[in-house]
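Below you'll find the structure, written out as structure tokens, and then a few comments.
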Amino acid sequence: MEQSWRKAKSVFALVLGPPLFWLVLFFLIPLAIVWVYSFGTNIGLTQIAFTGTFSNYVRAIEPLYVGIFIKSVGVAALTTGLCIVLGFPVALAITFAPDKLKAWLILLIMLPFWTNLLIRTYALIAVLRDEGYVNMTLNWLWTHAGGLMSFAGLKPLGDFVPLQLLHNNFAVVFGLVYVHLPFMVLPLYSALDRLDRSLLEASLDLGAGHARTMLQIVAPLALPGIASGILITFIPALGAYLTPDLLGGPDSQMIANIIERQFKRANDWPFGAALSFLLMYMTFIAIALQSVLAKRSAGPKA
Amino acid sequence: MPAPQKAAKAPAKTIISFENITKRYGKVVAVDNVSLTIEEGEFFSLLGPSGCGKTTLLRMLAGFETPTEGRILIDGQDVSEIPPNKRPVNMVFQSYAVFPHMTVAQNVAYGLKVDGVGAKECAERVEEALALVKLEGYGPRKPDQLSGGQRQRVALARALVKRPRVLLLDEPLSALDAKLREQMRSELTQLQDKVGITFIMVTHDQDEALAMACRCAVMNRGLLQQVATPSDLYEFPNSRFVADFIGQVNLFEGQLAVDEPDHAVIDSAEVGVPIYLDHGVTGATGSTVWAAIRPEKIEIYKRIDGADMIKMEDAPQGHNVVAGTITHLAYLGSETVFDVTLETGRSVKVVRSNLTRWDQEDFSWDEPVWLSWHACSPAMLTA
């Protein structure tokens, strides 16, 4: 028996072979086909001719589509930012929770993963719509406040107008934050949990308050966790399809919705393929940026 | 019987007092009603086996743990309500806790920046502190470019630069290799002498405590056992635990047979001969006591079977001399360690310095010997 499994070629091939085959057959080849499509032209209803044209890409940089790309990046960035702001205290709380409670808190964070995204999104609709739980609560408060005011002899409030919480950009960002928060909390938690507690104590011991300790010790040391959290929140948020589709209004289209339309209703596969690849290139740039940042924060090793 | 003081300092004033400190974690009592005062300028050591509560005591002083009962005074002021970042003490952590994302200079400057010290003064004091721990020129380096010993020096400089009233050291030498540990012992004592700050060091290593501290507090299972100078701990332990924990000892159980003002006798069935002490003791005649005799205070002589028992000049005939046989010996260069089995079956440890180059040839395995000790050597323990 070989001591190093790396030297045992047959074992190596056996272990690596099936997943590699799977990856090539069902991921790389279809991707290559789509890539070829992006240089093609529609001829007839279902036929695509490979013409080597760049016209699909030229069309993709028309202001309409560039605008949607920018908007998608903006929405994804806003989502990521909100996830950091909301996720950091949560991750911190879990890190410092008693050991027994920790497992349960992490379970709570993971729980939404076990529910289908579609169901979660419809649940959000039930919360946010005009007759939803938020507006119901507000309506109740409004009515009772109005009753109280007339009781106190003040001018009664007018009729309750439900807040427009659904089918707008707010709903899209809200939904995206809701869906992606666990992706931010988990890497943040794992980075914070690895932190040597005596570093925090040393900071306090040297006279620093909690705020300074957070900013100057915890945050810089959790930077790799923050970076990976940003990455795995930003990338899926950028390509989000279901959330803007169900929660968004007419002006909430993100790039994935446009791509979907090309492949389905517009039946323009070459253009959809071009948009898909542009989205993928943007993702690559994000990953490259992250790894450059990660390398810089690690610093040059002696 | 006061022992010579190791460091006879001028009458000092109390800087820290623990008053009836108890710390419980649920049902576990980590520190049990400890009262202790530490004087200004002292190198004080908290010594004990792991889990004895010494680190908990130190962390309560730093403010990272709150006493369940009792209070801690620093310079006469109750610090119970003062958070760690406002206490005039600084700590060197066992893991050193040097901030990995900051340079050496930034690490040392951290505490000064917090205090709002101006940039110029800050730079000067950082230089000064780095010079103090012999790390001149290391300012721009990152911690991952330093050795363990150097990281510890950074931790020291970072704490000392704040000019604390008291410096706390949590097992400062435990992470260093043996050679460096020896060197850092003397460096730390020299440093303490130089800066004049009160040092409180937690350690489980009795050699370390004896070599470095002016006074030690020995703790066991949350209880304070004895507070004394290193030599008093070794020569005048107050309990079997302390006698056994500090150095090596032969403990013989017996009964106090005679208790006169100028001498005492302990009858020990384990030894087989009465143990004569040249001083009076406090204890009820007939009560169970223990005689603690250090291995190096037992003399060893050749014995010929059937010969008369030798006599110690400071004890009556038949006292403090016992026959035995060498069952094991270990030659350690500077000394030889003997295991001698008495006729009662009890094994006794004896250490003999090799004063000449032929001393080790004097005895061999299975040789009959006399063991004897002076009347001043045994310490009588009642607990």
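Residue numbers start at 1 in each chain; chains themselves are named A, B, ... in the order of the structure tokens; ligands are numbered from 1 in the order shown.
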
Checklist entry - Near chain B, which residues of chain A fall within 6 Å when you count only C-alpha atoms, and what do they look like as a PyMOL selection string? => result chain A and resi 198-199+204-208+302

Next on the checklist: Env of Ala307 in chain B: 12 Å cut, atoms = only C-alpha atoms, seq-sep filter 3 positions within chain, self excluded. Answer as a ChimeraX atom specification.
Outcome noted: /B:302-304,310,323,368-370

Next on the checklist: Using only C-alpha atoms, which protein or nucleic acid residues come within 8 Å of Asn20 in chain B? Drop anything in the same chain fewer than 4 positions from it, and give the result as a list in words.
Outcome noted: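 After dropping sequence-adjacent residues, the list is Asn33, Val34, Ser35, Glu69, Gly70 and Arg71 of chain B.
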
Checklist entry - If you count only C-alpha atoms, which residues fall within 8 Å of Phe263 in chain A, apart from same-chain ones fewer than 5 positions away, as an MDAnalysis selection string? => result chainID A and resid 268:269 272

Residue subset to file, keeping N, CA and C atoms, as an mmCIF file, in the first residue's frame:
```cif
data_model
loop_
_atom_site.group_PDB
_atom_site.id
_atom_site.type_symbol
_atom_site.label_atom_id
_atom_site.label_comp_id
_atom_site.auth_asym_id
_atom_site.auth_seq_id
_atom_site.Cartn_x
_atom_site.Cartn_y
_atom_site.Cartn_z
ATOM 1 N N ASP A 268 -34.331 35.168 -27.243
ATOM 2 C CA ASP A 268 -33.094 35.647 -27.860
ATOM 3 C C ASP A 268 -31.916 35.060 -27.092
ATOM 4 N N TRP A 269 -31.683 33.772 -27.316
ATOM 5 C CA TRP A 269 -30.643 33.076 -26.557
ATOM 6 C C TRP A 269 -29.258 33.695 -26.721
ATOM 7 N N GLY A 272 -29.057 36.673 -24.431
ATOM 8 C CA GLY A 272 -29.088 36.206 -23.046
ATOM 9 C C GLY A 272 -27.750 35.614 -22.647
#
```

Please report, as a short mmCIF file (atom, residue, chain, number, x, y, z; two decimals) with N, CA, C and O atoms, in the first residue's frame, each residue of range 178-226 of chain A to which DSSP assigns alpha helix (DSSP H) when run on this structure's backbone.
```
data_model
loop_
_atom_site.label_atom_id
_atom_site.label_comp_id
_atom_site.auth_asym_id
_atom_site.auth_seq_id
_atom_site.Cartn_x
_atom_site.Cartn_y
_atom_site.Cartn_z
N TYR A 178 -32.76 39.64 3.75
CA TYR A 178 -33.37 38.53 4.50
C TYR A 178 -32.78 37.19 4.05
O TYR A 178 -32.43 36.35 4.88
N VAL A 179 -32.63 37.03 2.75
CA VAL A 179 -32.15 35.76 2.23
C VAL A 179 -30.64 35.59 2.49
O VAL A 179 -30.18 34.49 2.79
N HIS A 180 -29.88 36.67 2.39
CA HIS A 180 -28.42 36.53 2.40
C HIS A 180 -27.77 36.75 3.76
O HIS A 180 -26.57 36.54 3.90
N LEU A 181 -28.56 37.17 4.74
CA LEU A 181 -27.96 37.43 6.06
C LEU A 181 -27.19 36.23 6.63
O LEU A 181 -26.08 36.40 7.12
N PRO A 182 -27.73 35.00 6.54
CA PRO A 182 -26.96 33.87 7.07
C PRO A 182 -25.60 33.71 6.41
O PRO A 182 -24.62 33.34 7.05
N PHE A 183 -25.53 34.02 5.10
CA PHE A 183 -24.26 33.91 4.38
C PHE A 183 -23.22 34.87 4.94
O PHE A 183 -22.03 34.67 4.79
N MET A 184 -23.68 35.96 5.51
CA MET A 184 -22.76 36.92 6.11
C MET A 184 -22.44 36.54 7.55
O MET A 184 -21.30 36.59 7.98
N VAL A 185 -23.46 36.11 8.28
CA VAL A 185 -23.26 35.82 9.71
C VAL A 185 -22.29 34.65 9.90
O VAL A 185 -21.39 34.73 10.75
N LEU A 186 -22.44 33.61 9.10
CA LEU A 186 -21.63 32.41 9.34
C LEU A 186 -20.13 32.64 9.16
O LEU A 186 -19.35 32.31 10.05
N PRO A 187 -19.67 33.22 8.04
CA PRO A 187 -18.22 33.48 7.95
C PRO A 187 -17.74 34.49 8.99
O PRO A 187 -16.62 34.35 9.50
N LEU A 188 -18.56 35.48 9.30
CA LEU A 188 -18.17 36.45 10.34
C LEU A 188 -18.00 35.73 11.67
O LEU A 188 -17.02 35.93 12.38
N TYR A 189 -18.96 34.85 11.96
CA TYR A 189 -18.89 34.12 13.22
C TYR A 189 -17.63 33.26 13.27
O TYR A 189 -16.92 33.24 14.27
N SER A 190 -17.35 32.57 12.17
CA SER A 190 -16.20 31.66 12.22
C SER A 190 -14.91 32.46 12.37
O SER A 190 -13.97 32.01 13.02
N ALA A 191 -14.86 33.66 11.80
CA ALA A 191 -13.66 34.49 11.97
C ALA A 191 -13.57 35.01 13.40
O ALA A 191 -12.49 35.00 14.00
N LEU A 192 -14.69 35.44 13.95
CA LEU A 192 -14.67 36.01 15.31
C LEU A 192 -14.40 34.93 16.34
O LEU A 192 -13.73 35.17 17.35
N ASP A 193 -14.93 33.74 16.08
CA ASP A 193 -14.79 32.67 17.06
C ASP A 193 -13.33 32.22 17.16
O ASP A 193 -12.90 31.74 18.19
N ARG A 194 -12.60 32.35 16.04
CA ARG A 194 -11.19 31.94 16.05
C ARG A 194 -10.31 32.93 16.79
O ARG A 194 -9.18 32.62 17.13
N ARG A 197 -9.19 35.25 22.61
CA ARG A 197 -9.86 36.15 23.54
C ARG A 197 -8.88 37.02 24.32
O ARG A 197 -9.20 38.12 24.74
N SER A 198 -7.67 36.50 24.52
CA SER A 198 -6.74 37.29 25.32
C SER A 198 -6.33 38.57 24.58
O SER A 198 -5.91 39.53 25.21
N LEU A 199 -6.52 38.59 23.24
CA LEU A 199 -6.24 39.84 22.51
C LEU A 199 -7.24 40.92 22.92
O LEU A 199 -6.87 42.08 23.09
N LEU A 200 -8.50 40.52 23.10
CA LEU A 200 -9.51 41.48 23.53
C LEU A 200 -9.22 41.93 24.96
O LEU A 200 -9.32 43.11 25.29
N GLU A 201 -8.85 40.97 25.79
CA GLU A 201 -8.54 41.32 27.18
C GLU A 201 -7.31 42.22 27.23
O GLU A 201 -7.26 43.16 28.03
N ALA A 202 -6.33 41.94 26.38
CA ALA A 202 -5.13 42.77 26.36
C ALA A 202 -5.50 44.20 25.99
O ALA A 202 -5.01 45.16 26.58
N SER A 203 -6.41 44.35 25.02
CA SER A 203 -6.82 45.68 24.61
C SER A 203 -7.50 46.42 25.77
O SER A 203 -7.21 47.58 26.04
N LEU A 204 -8.40 45.72 26.46
CA LEU A 204 -9.06 46.33 27.61
C LEU A 204 -8.04 46.65 28.70
O LEU A 204 -8.06 47.71 29.31
N ASP A 205 -7.13 45.72 28.90
CA ASP A 205 -6.12 45.88 29.94
C ASP A 205 -5.26 47.11 29.68
O ASP A 205 -4.82 47.77 30.60
N HIS A 210 -14.61 49.35 24.94
CA HIS A 210 -15.12 48.29 24.08
C HIS A 210 -15.20 48.74 22.63
O HIS A 210 -14.91 47.98 21.71
N ALA A 211 -15.60 49.99 22.39
CA ALA A 211 -15.74 50.49 21.03
C ALA A 211 -14.39 50.47 20.31
O ALA A 211 -14.26 49.98 19.19
N ARG A 212 -13.36 50.97 20.99
CA ARG A 212 -12.03 51.01 20.38
C ARG A 212 -11.52 49.59 20.14
O ARG A 212 -10.91 49.31 19.10
N THR A 213 -11.79 48.71 21.09
CA THR A 213 -11.36 47.31 20.93
C THR A 213 -12.01 46.70 19.69
O THR A 213 -11.36 46.01 18.91
N ALA A 219 -12.26 44.16 14.48
CA ALA A 219 -12.58 44.32 13.06
C ALA A 219 -11.37 43.99 12.16
O ALA A 219 -11.52 43.22 11.22
N PRO A 220 -10.17 44.55 12.42
CA PRO A 220 -9.04 44.21 11.54
C PRO A 220 -8.72 42.72 11.54
O PRO A 220 -8.39 42.17 10.50
N LEU A 221 -8.85 42.08 12.68
CA LEU A 221 -8.51 40.66 12.74
C LEU A 221 -9.60 39.80 12.12
O LEU A 221 -9.34 38.68 11.69
N LEU A 223 -11.08 40.69 9.44
CA LEU A 223 -11.13 41.13 8.05
C LEU A 223 -11.26 39.98 7.04
O LEU A 223 -12.08 40.07 6.12
N PRO A 224 -10.49 38.90 7.19
CA PRO A 224 -10.68 37.79 6.23
C PRO A 224 -12.10 37.26 6.25
O PRO A 224 -12.67 36.96 5.20
N GLY A 225 -12.71 37.18 7.42
CA GLY A 225 -14.08 36.72 7.53
C GLY A 225 -15.04 37.70 6.90
O GLY A 225 -15.98 37.31 6.20
N ILE A 226 -14.78 38.99 7.12
CA ILE A 226 -15.62 40.02 6.52
C ILE A 226 -15.52 39.93 5.00
O ILE A 226 -16.53 39.98 4.29
#
```

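Distance-wise, CA of Leu31 in chain A and CA of Ile259 in chain A end up 14.8 Å apart.
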
Next on the checklist: If we count only C-alpha atoms and set the cut-off at 9 Å, which residues sit around Ser276 in chain A, ignoring sequence neighbours fewer than 3 positions away in its own chain? Please answer as a list in words.
Outcome noted: Val34, Trp35, Ser38, Ile255, Ala256, Ile259, Phe271, Gly272, Ala273, Leu279, Met280 and Tyr281 of chain A

Take the residues just selected and output them with N, CA and C atoms as a compact mmCIF listing (two decimals), in the first residue's frame.
```
# COMPACT_ATOMS: atom_id res chain seq x y z
N VAL A 34 -23.16 27.75 -24.13
CA VAL A 34 -23.74 29.08 -23.94
C VAL A 34 -22.75 30.15 -24.39
N TRP A 35 -21.47 29.90 -24.10
CA TRP A 35 -20.45 30.87 -24.50
C TRP A 35 -20.43 31.00 -26.03
N SER A 38 -23.23 33.02 -27.37
CA SER A 38 -23.14 34.46 -27.18
C SER A 38 -22.48 35.14 -28.39
N ILE A 255 -30.34 42.21 -13.31
CA ILE A 255 -29.79 41.65 -14.54
C ILE A 255 -30.27 40.22 -14.79
N ALA A 256 -30.45 39.46 -13.71
CA ALA A 256 -30.88 38.07 -13.89
C ALA A 256 -32.27 38.00 -14.48
N ILE A 259 -31.89 38.53 -18.16
CA ILE A 259 -31.34 37.32 -18.79
C ILE A 259 -32.46 36.29 -18.96
N PHE A 271 -28.32 36.77 -27.12
CA PHE A 271 -28.19 37.98 -26.31
C PHE A 271 -28.18 37.61 -24.83
N GLY A 272 -29.06 36.67 -24.43
CA GLY A 272 -29.09 36.21 -23.05
C GLY A 272 -27.75 35.61 -22.65
N ALA A 273 -27.15 34.85 -23.60
CA ALA A 273 -25.86 34.24 -23.32
C ALA A 273 -24.80 35.31 -23.10
N LEU A 279 -22.18 38.98 -16.78
CA LEU A 279 -22.42 38.87 -15.34
C LEU A 279 -21.34 38.01 -14.68
N MET A 280 -20.97 36.93 -15.40
CA MET A 280 -19.97 36.04 -14.85
C MET A 280 -18.61 36.73 -14.76
N TYR A 281 -18.28 37.53 -15.78
CA TYR A 281 -17.00 38.25 -15.74
C TYR A 281 -16.97 39.21 -14.55
```
